>>> print(open('entry02.txt').read())   # compact mmCIF, C-alpha atoms
# COMPACT_ATOMS: atom_id res chain seq x y z
CA MET A 27 171.52 201.08 84.91
CA ALA A 28 168.17 199.30 84.70
CA ASP A 29 167.32 196.51 87.09
CA ASN A 30 165.64 193.47 85.55
CA THR A 31 164.28 191.82 88.71
CA ILE A 32 160.79 190.40 88.87
CA THR A 33 158.84 188.72 91.66
CA VAL A 34 155.67 186.81 90.87
CA VAL A 35 153.32 184.77 93.03
CA GLY A 36 151.13 182.12 91.46
CA ASN A 37 150.27 178.46 91.06
CA LEU A 38 152.23 175.83 89.16
CA THR A 39 150.36 174.70 86.06
CA ARG A 40 152.39 171.49 85.70
CA ASP A 41 154.98 169.48 87.58
CA PRO A 42 158.54 170.81 87.23
CA GLU A 43 160.37 169.13 84.36
CA LEU A 44 163.95 168.29 85.35
CA ARG A 45 166.51 167.55 82.64
CA PHE A 46 170.26 167.57 82.44
CA THR A 47 172.53 169.16 79.86
CA GLN A 48 175.19 167.05 78.15
CA THR A 49 177.66 168.32 80.76
CA GLY A 50 175.44 167.11 83.62
CA ARG A 51 174.06 170.50 84.67
CA ALA A 52 170.50 170.35 86.04
CA ARG A 53 167.80 172.52 84.43
CA ALA A 54 164.16 172.60 85.51
CA VAL A 55 161.31 174.26 83.66
CA LEU A 56 157.97 174.92 85.29
CA GLY A 57 154.77 176.61 84.21
CA MET A 58 153.11 179.18 86.41
CA ALA A 59 149.75 180.98 86.37
CA VAL A 60 149.43 184.38 88.03
CA ASN A 61 145.87 185.52 88.71
CA ARG A 62 144.75 189.09 89.20
CA ARG A 63 141.23 189.59 90.53
CA TRP A 64 139.38 192.86 91.05
CA MET A 65 135.89 194.25 91.57
CA ASN A 66 134.46 196.08 88.57
CA ARG A 67 132.85 199.08 90.23
CA GLN A 68 130.50 199.72 87.32
CA THR A 69 128.99 196.20 87.24
CA ASN A 70 129.75 195.15 90.85
CA ASP A 71 131.07 191.85 89.46
CA TRP A 72 134.41 190.25 90.14
CA GLU A 73 136.71 190.13 87.12
CA GLU A 74 139.84 188.09 86.69
CA GLN A 75 142.86 188.08 84.43
CA VAL A 76 145.37 185.22 84.25
CA SER A 77 148.95 185.47 82.95
CA PHE A 78 151.06 182.40 82.22
CA PHE A 79 154.84 182.26 82.59
CA ASN A 80 157.55 179.70 81.96
CA VAL A 81 160.14 179.65 84.74
CA VAL A 82 163.64 178.21 84.24
CA CYS A 83 166.02 177.35 87.05
CA TRP A 84 169.48 175.81 87.10
CA ALA A 85 171.81 173.64 89.18
CA GLU A 86 170.86 172.89 92.81
CA LEU A 87 167.80 175.13 92.63
CA ALA A 88 166.50 173.05 89.71
CA GLU A 89 167.02 169.80 91.60
CA ASN A 90 165.42 171.14 94.79
CA VAL A 91 162.41 172.52 92.91
CA SER A 92 161.82 169.22 91.09
CA GLU A 93 161.99 167.27 94.37
CA SER A 94 159.84 169.69 96.38
CA LEU A 95 157.11 171.17 94.18
CA ALA A 96 154.20 169.83 92.14
CA LYS A 97 151.35 171.04 89.95
CA GLY A 98 148.96 173.26 91.89
CA ASN A 99 151.49 174.44 94.49
CA ARG A 100 151.43 178.19 95.16
CA VAL A 101 154.96 179.61 94.85
CA VAL A 102 156.90 182.86 95.04
CA VAL A 103 159.47 183.27 92.24
CA THR A 104 162.15 185.94 92.10
CA GLY A 105 164.39 186.21 89.07
CA ARG A 106 164.96 188.09 85.85
CA LEU A 107 163.19 188.26 82.52
CA GLU A 108 165.18 186.83 79.65
CA GLN A 109 164.28 186.65 75.97
CA ARG A 110 165.46 183.70 73.95
CA SER A 111 165.26 183.41 70.15
CA TRP A 112 165.83 180.49 67.79
CA GLU A 113 165.07 179.27 64.31
CA THR A 114 162.82 176.25 63.77
CA PRO A 115 163.83 173.44 61.40
CA ASP A 116 161.37 175.01 58.92
CA GLY A 117 163.32 178.29 59.02
CA GLU A 118 160.78 180.24 61.10
CA GLN A 119 162.04 182.66 63.74
CA ARG A 120 160.66 182.10 67.25
CA SER A 121 161.23 183.84 70.56
CA VAL A 122 160.01 183.52 74.12
CA VAL A 123 160.33 185.60 77.28
CA GLU A 124 161.00 183.45 80.36
CA ILE A 125 161.67 184.07 84.02
CA VAL A 126 165.12 182.79 84.97
CA ALA A 127 164.73 182.12 88.68
CA ASP A 128 167.18 183.14 91.38
CA GLU A 129 164.87 181.98 94.20
CA ILE A 130 161.71 179.87 94.37
CA ALA A 131 159.76 179.32 97.57
CA PRO A 132 156.40 177.87 98.53
CA SER A 133 153.83 180.49 99.41
CA LEU A 134 152.68 180.12 103.00
CA ARG A 135 149.56 182.23 102.58
CA TRP A 136 147.25 179.19 102.46
CA ALA A 137 149.68 176.35 103.23
CA THR A 138 152.44 175.20 105.55
CA ALA A 139 155.85 173.86 104.62
CA GLU A 140 158.56 171.82 106.26
CA ILE A 141 162.14 172.90 105.52
CA THR A 142 164.86 170.28 105.04
CA ARG A 143 168.35 171.69 104.74
CA ILE A 144 170.75 170.13 102.27
CA PRO A 145 174.26 169.46 103.60
CA ARG A 146 176.86 171.87 102.25
CA GLY A 147 180.09 170.68 100.68
CA PRO A 148 183.59 172.14 100.83
CA ALA A 149 184.00 175.93 100.87
CA GLY A 150 180.31 176.46 101.62
CA GLU A 151 179.08 175.04 98.30
CA ALA A 152 175.57 173.62 98.36
CA GLY A 153 174.79 170.01 97.60
CA GLY A 154 178.26 168.63 98.19
CA THR A 155 176.99 165.08 98.60
CA ARG A 156 174.59 164.82 95.65
CA GLU A 157 175.68 163.46 92.31
CA ARG A 158 174.55 164.57 88.86
CA ARG A 159 174.14 162.57 85.70
CA GLY A 160 177.48 162.17 84.02
CA GLY A 161 179.18 161.71 87.40
CA ALA A 162 179.99 165.37 88.06
CA PRO A 163 179.45 166.26 91.73
CA ALA A 164 176.90 168.96 92.42
CA SER A 165 179.57 171.07 94.12
CA GLU A 166 181.37 171.61 90.80
CA ALA A 167 178.48 173.57 89.30
CA SER A 168 178.57 177.34 89.15
CA ASP A 169 175.78 179.36 90.79
CA ARG A 170 175.40 181.37 87.60
CA PRO A 171 173.37 179.89 84.72
CA PRO A 172 175.25 179.54 81.45
CA GLN A 173 174.50 181.74 78.49
CA HIS A 174 172.97 179.39 75.95
CA SER A 175 170.84 178.97 72.91
CA PRO A 176 168.37 176.14 72.35
CA GLU A 177 170.92 174.40 70.12
CA GLU A 178 173.49 174.28 72.94
CA GLU A 179 171.09 172.75 75.45
CA PRO A 180 169.46 169.76 73.71
CA PHE A 181 166.52 168.29 75.61
>>> encode(input="entry02.txt", output="structure tokens")
Amino acid sequence: MADNTITVVGNLTRDPELRFTQTGRARAVLGMAVNRRWMNRQTNDWEEQVSFFNVVCWAELAENVSESLAKGNRVVVTGRLEQRSWETPDGEQRSVVEIVADEIAPSLRWATAEITRIPRGPAGEAGGTRERRGGAPASEASDRPPQHSPEEEPF
């Protein structure tokens, strides 16, 4: 069985965008640039390549990311690659490969961070005291992101 786990380190290209589904589930999308730099031994010049990724996170992770991170922050993202396809209103087929995050952390290579723990609710569920839009408590959300298509998650 193939493992679809990816870890990338890079800088946020924009502030996280937090939205809520119609059922009140938090979803954050952030852009990330990953730079690779190397010395070209033939020219003795530094060369650089930049890759851009969209990162999606759900539930408490989405809320924590939107409260904690901003454009320019260096982060470590671990998750899985997921391809999503849809049809535009003009009938064109589109698809995108995104990173669906399991964990996101600030990189401490060139920065420091202060950790603030969030109180846990009943049965060890995170975020037991925070409320979501639509009145559903954060503790009711599943840790697993829903399977969805763009039509099911209007933003």
>>> closest_atom_pairs(input="entry02.txt", of="range 56-152 of chain A", to="range 39-44 of chain A", cutoff="9 Å", atoms="all atoms listed in the file", output="CSV")
residue,atom,partner,partner_atom,distance
A:Leu56,CA,A:Pro42,CA,4.6
A:Gly57,CA,A:Thr39,CA,5.1
A:Met58,CA,A:Thr39,CA,5.3
A:Ala59,CA,A:Thr39,CA,6.3
A:Phe78,CA,A:Thr39,CA,8.6
A:Ala88,CA,A:Leu44,CA,6.9
A:Glu89,CA,A:Leu44,CA,7.1
A:Val91,CA,A:Pro42,CA,7.1
A:Ser92,CA,A:Pro42,CA,5.3
A:Glu93,CA,A:Pro42,CA,8.7
A:Leu95,CA,A:Pro42,CA,7.1
A:Ala96,CA,A:Asp41,CA,4.6
A:Lys97,CA,A:Arg40,CA,4.4
A:Gly98,CA,A:Thr39,CA,6.2
A:Asn99,CA,A:Thr39,CA,8.5
>>> atom_distance(input="entry02.txt", atom1="CA of Glu108 in chain A", atom2="CA of Val123 in chain A")
5.5 Å
>>> closest_residue(input="entry02.txt", among="A:Thr138, A:Ser133, A:Thr69, A:Ser94", to="Asn37 in chain A", atoms="all atoms listed in the file")
A:Ser133
>>> closest_residue(input="entry02.txt", among="A:Ala139, A:Ala52, A:Val102, A:Ile144", to="Leu38 in chain A", atoms="only C-alpha atoms")
A:Val102
>>> atom_distance(input="entry02.txt", atom1="CA of Pro132 in chain A", atom2="CA of Val103 in chain A")
8.8 Å
>>> atom_distance(input="entry02.txt", atom1="CA of Asn61 in chain A", atom2="CA of Leu134 in chain A")
16.7 Å
>>> closest_residue(input="entry02.txt", among="A:Gln48, A:Gln119, A:Thr142, A:Thr104", to="Val82 in chain A", atoms="all atoms listed in the file")
A:Thr104
>>> closest_residue(input="entry02.txt", among="A:Ile32, A:Val60, A:Leu107, A:Ala131", to="Asn90 in chain A", atoms="all atoms listed in the file")
A:Ala131
>>> closest_residue(input="entry02.txt", among="A:Glu118, A:Trp64, A:Arg106, A:Arg100", to="Arg135 in chain A", atoms="only C-alpha atoms")
A:Arg100
>>> closest_residue(input="entry02.txt", among="A:Val55, A:Ala137, A:Leu87, A:Val35", to="Glu124 in chain A", atoms="all atoms listed in the file")
A:Val55
>>> build_atoms(input="entry02.txt", residues="range 106-126 of chain A", atoms="N, CA and C atoms", output="PDB file, keeping the file's coordinate frame")
ATOM      1  N   ARG A 106     164.840 187.049  86.880  1.00  0.00           N
ATOM      2  CA  ARG A 106     164.960 188.090  85.850  1.00  0.00           C
ATOM      3  C   ARG A 106     164.258 187.620  84.590  1.00  0.00           C
ATOM      4  N   LEU A 107     163.791 188.576  83.810  1.00  0.00           N
ATOM      5  CA  LEU A 107     163.190 188.260  82.520  1.00  0.00           C
ATOM      6  C   LEU A 107     164.300 188.105  81.499  1.00  0.00           C
ATOM      7  N   GLU A 108     164.172 187.078  80.682  1.00  0.00           N
ATOM      8  CA  GLU A 108     165.180 186.830  79.650  1.00  0.00           C
ATOM      9  C   GLU A 108     164.478 186.396  78.372  1.00  0.00           C
ATOM     10  N   GLN A 109     164.849 187.020  77.262  1.00  0.00           N
ATOM     11  CA  GLN A 109     164.280 186.650  75.970  1.00  0.00           C
ATOM     12  C   GLN A 109     165.238 185.726  75.255  1.00  0.00           C
ATOM     13  N   ARG A 110     164.677 184.684  74.680  1.00  0.00           N
ATOM     14  CA  ARG A 110     165.460 183.700  73.950  1.00  0.00           C
ATOM     15  C   ARG A 110     164.870 183.566  72.563  1.00  0.00           C
ATOM     16  N   SER A 111     165.716 183.541  71.536  1.00  0.00           N
ATOM     17  CA  SER A 111     165.260 183.410  70.150  1.00  0.00           C
ATOM     18  C   SER A 111     165.945 182.237  69.487  1.00  0.00           C
ATOM     19  N   TRP A 112     165.262 181.608  68.526  1.00  0.00           N
ATOM     20  CA  TRP A 112     165.830 180.490  67.790  1.00  0.00           C
ATOM     21  C   TRP A 112     165.119 180.363  66.462  1.00  0.00           C
ATOM     22  N   GLU A 113     165.672 179.532  65.597  1.00  0.00           N
ATOM     23  CA  GLU A 113     165.070 179.270  64.310  1.00  0.00           C
ATOM     24  C   GLU A 113     164.598 177.826  64.283  1.00  0.00           C
ATOM     25  N   THR A 114     163.364 177.598  63.850  1.00  0.00           N
ATOM     26  CA  THR A 114     162.820 176.250  63.770  1.00  0.00           C
ATOM     27  C   THR A 114     163.454 175.504  62.603  1.00  0.00           C
ATOM     28  N   PRO A 115     163.317 174.189  62.556  1.00  0.00           N
ATOM     29  CA  PRO A 115     163.830 173.440  61.400  1.00  0.00           C
ATOM     30  C   PRO A 115     163.212 173.884  60.075  1.00  0.00           C
ATOM     31  N   ASP A 116     162.014 174.496  60.125  1.00  0.00           N
ATOM     32  CA  ASP A 116     161.370 175.010  58.920  1.00  0.00           C
ATOM     33  C   ASP A 116     161.835 176.405  58.544  1.00  0.00           C
ATOM     34  N   GLY A 117     162.779 176.966  59.317  1.00  0.00           N
ATOM     35  CA  GLY A 117     163.320 178.290  59.020  1.00  0.00           C
ATOM     36  C   GLY A 117     162.545 179.442  59.619  1.00  0.00           C
ATOM     37  N   GLU A 118     161.552 179.168  60.462  1.00  0.00           N
ATOM     38  CA  GLU A 118     160.780 180.240  61.100  1.00  0.00           C
ATOM     39  C   GLU A 118     161.507 180.742  62.334  1.00  0.00           C
ATOM     40  N   GLN A 119     161.443 182.059  62.549  1.00  0.00           N
ATOM     41  CA  GLN A 119     162.040 182.660  63.740  1.00  0.00           C
ATOM     42  C   GLN A 119     161.040 182.593  64.888  1.00  0.00           C
ATOM     43  N   ARG A 120     161.497 182.174  66.054  1.00  0.00           N
ATOM     44  CA  ARG A 120     160.660 182.100  67.250  1.00  0.00           C
ATOM     45  C   ARG A 120     161.386 182.784  68.394  1.00  0.00           C
ATOM     46  N   SER A 121     160.623 183.290  69.352  1.00  0.00           N
ATOM     47  CA  SER A 121     161.230 183.840  70.560  1.00  0.00           C
ATOM     48  C   SER A 121     160.261 183.674  71.713  1.00  0.00           C
ATOM     49  N   VAL A 122     160.804 183.676  72.908  1.00  0.00           N
ATOM     50  CA  VAL A 122     160.010 183.520  74.120  1.00  0.00           C
ATOM     51  C   VAL A 122     160.660 184.350  75.215  1.00  0.00           C
ATOM     52  N   VAL A 123     159.834 184.908  76.097  1.00  0.00           N
ATOM     53  CA  VAL A 123     160.330 185.600  77.280  1.00  0.00           C
ATOM     54  C   VAL A 123     160.061 184.679  78.469  1.00  0.00           C
ATOM     55  N   GLU A 124     161.100 184.357  79.226  1.00  0.00           N
ATOM     56  CA  GLU A 124     161.000 183.450  80.360  1.00  0.00           C
ATOM     57  C   GLU A 124     161.485 184.160  81.622  1.00  0.00           C
ATOM     58  N   ILE A 125     161.105 183.624  82.754  1.00  0.00           N
ATOM     59  CA  ILE A 125     161.670 184.070  84.020  1.00  0.00           C
ATOM     60  C   ILE A 125     162.786 183.099  84.369  1.00  0.00           C
ATOM     61  N   VAL A 126     163.997 183.604  84.500  1.00  0.00           N
ATOM     62  CA  VAL A 126     165.120 182.790  84.970  1.00  0.00           C
ATOM     63  C   VAL A 126     165.209 183.025  86.470  1.00  0.00           C
TER      64      VAL A 126
END
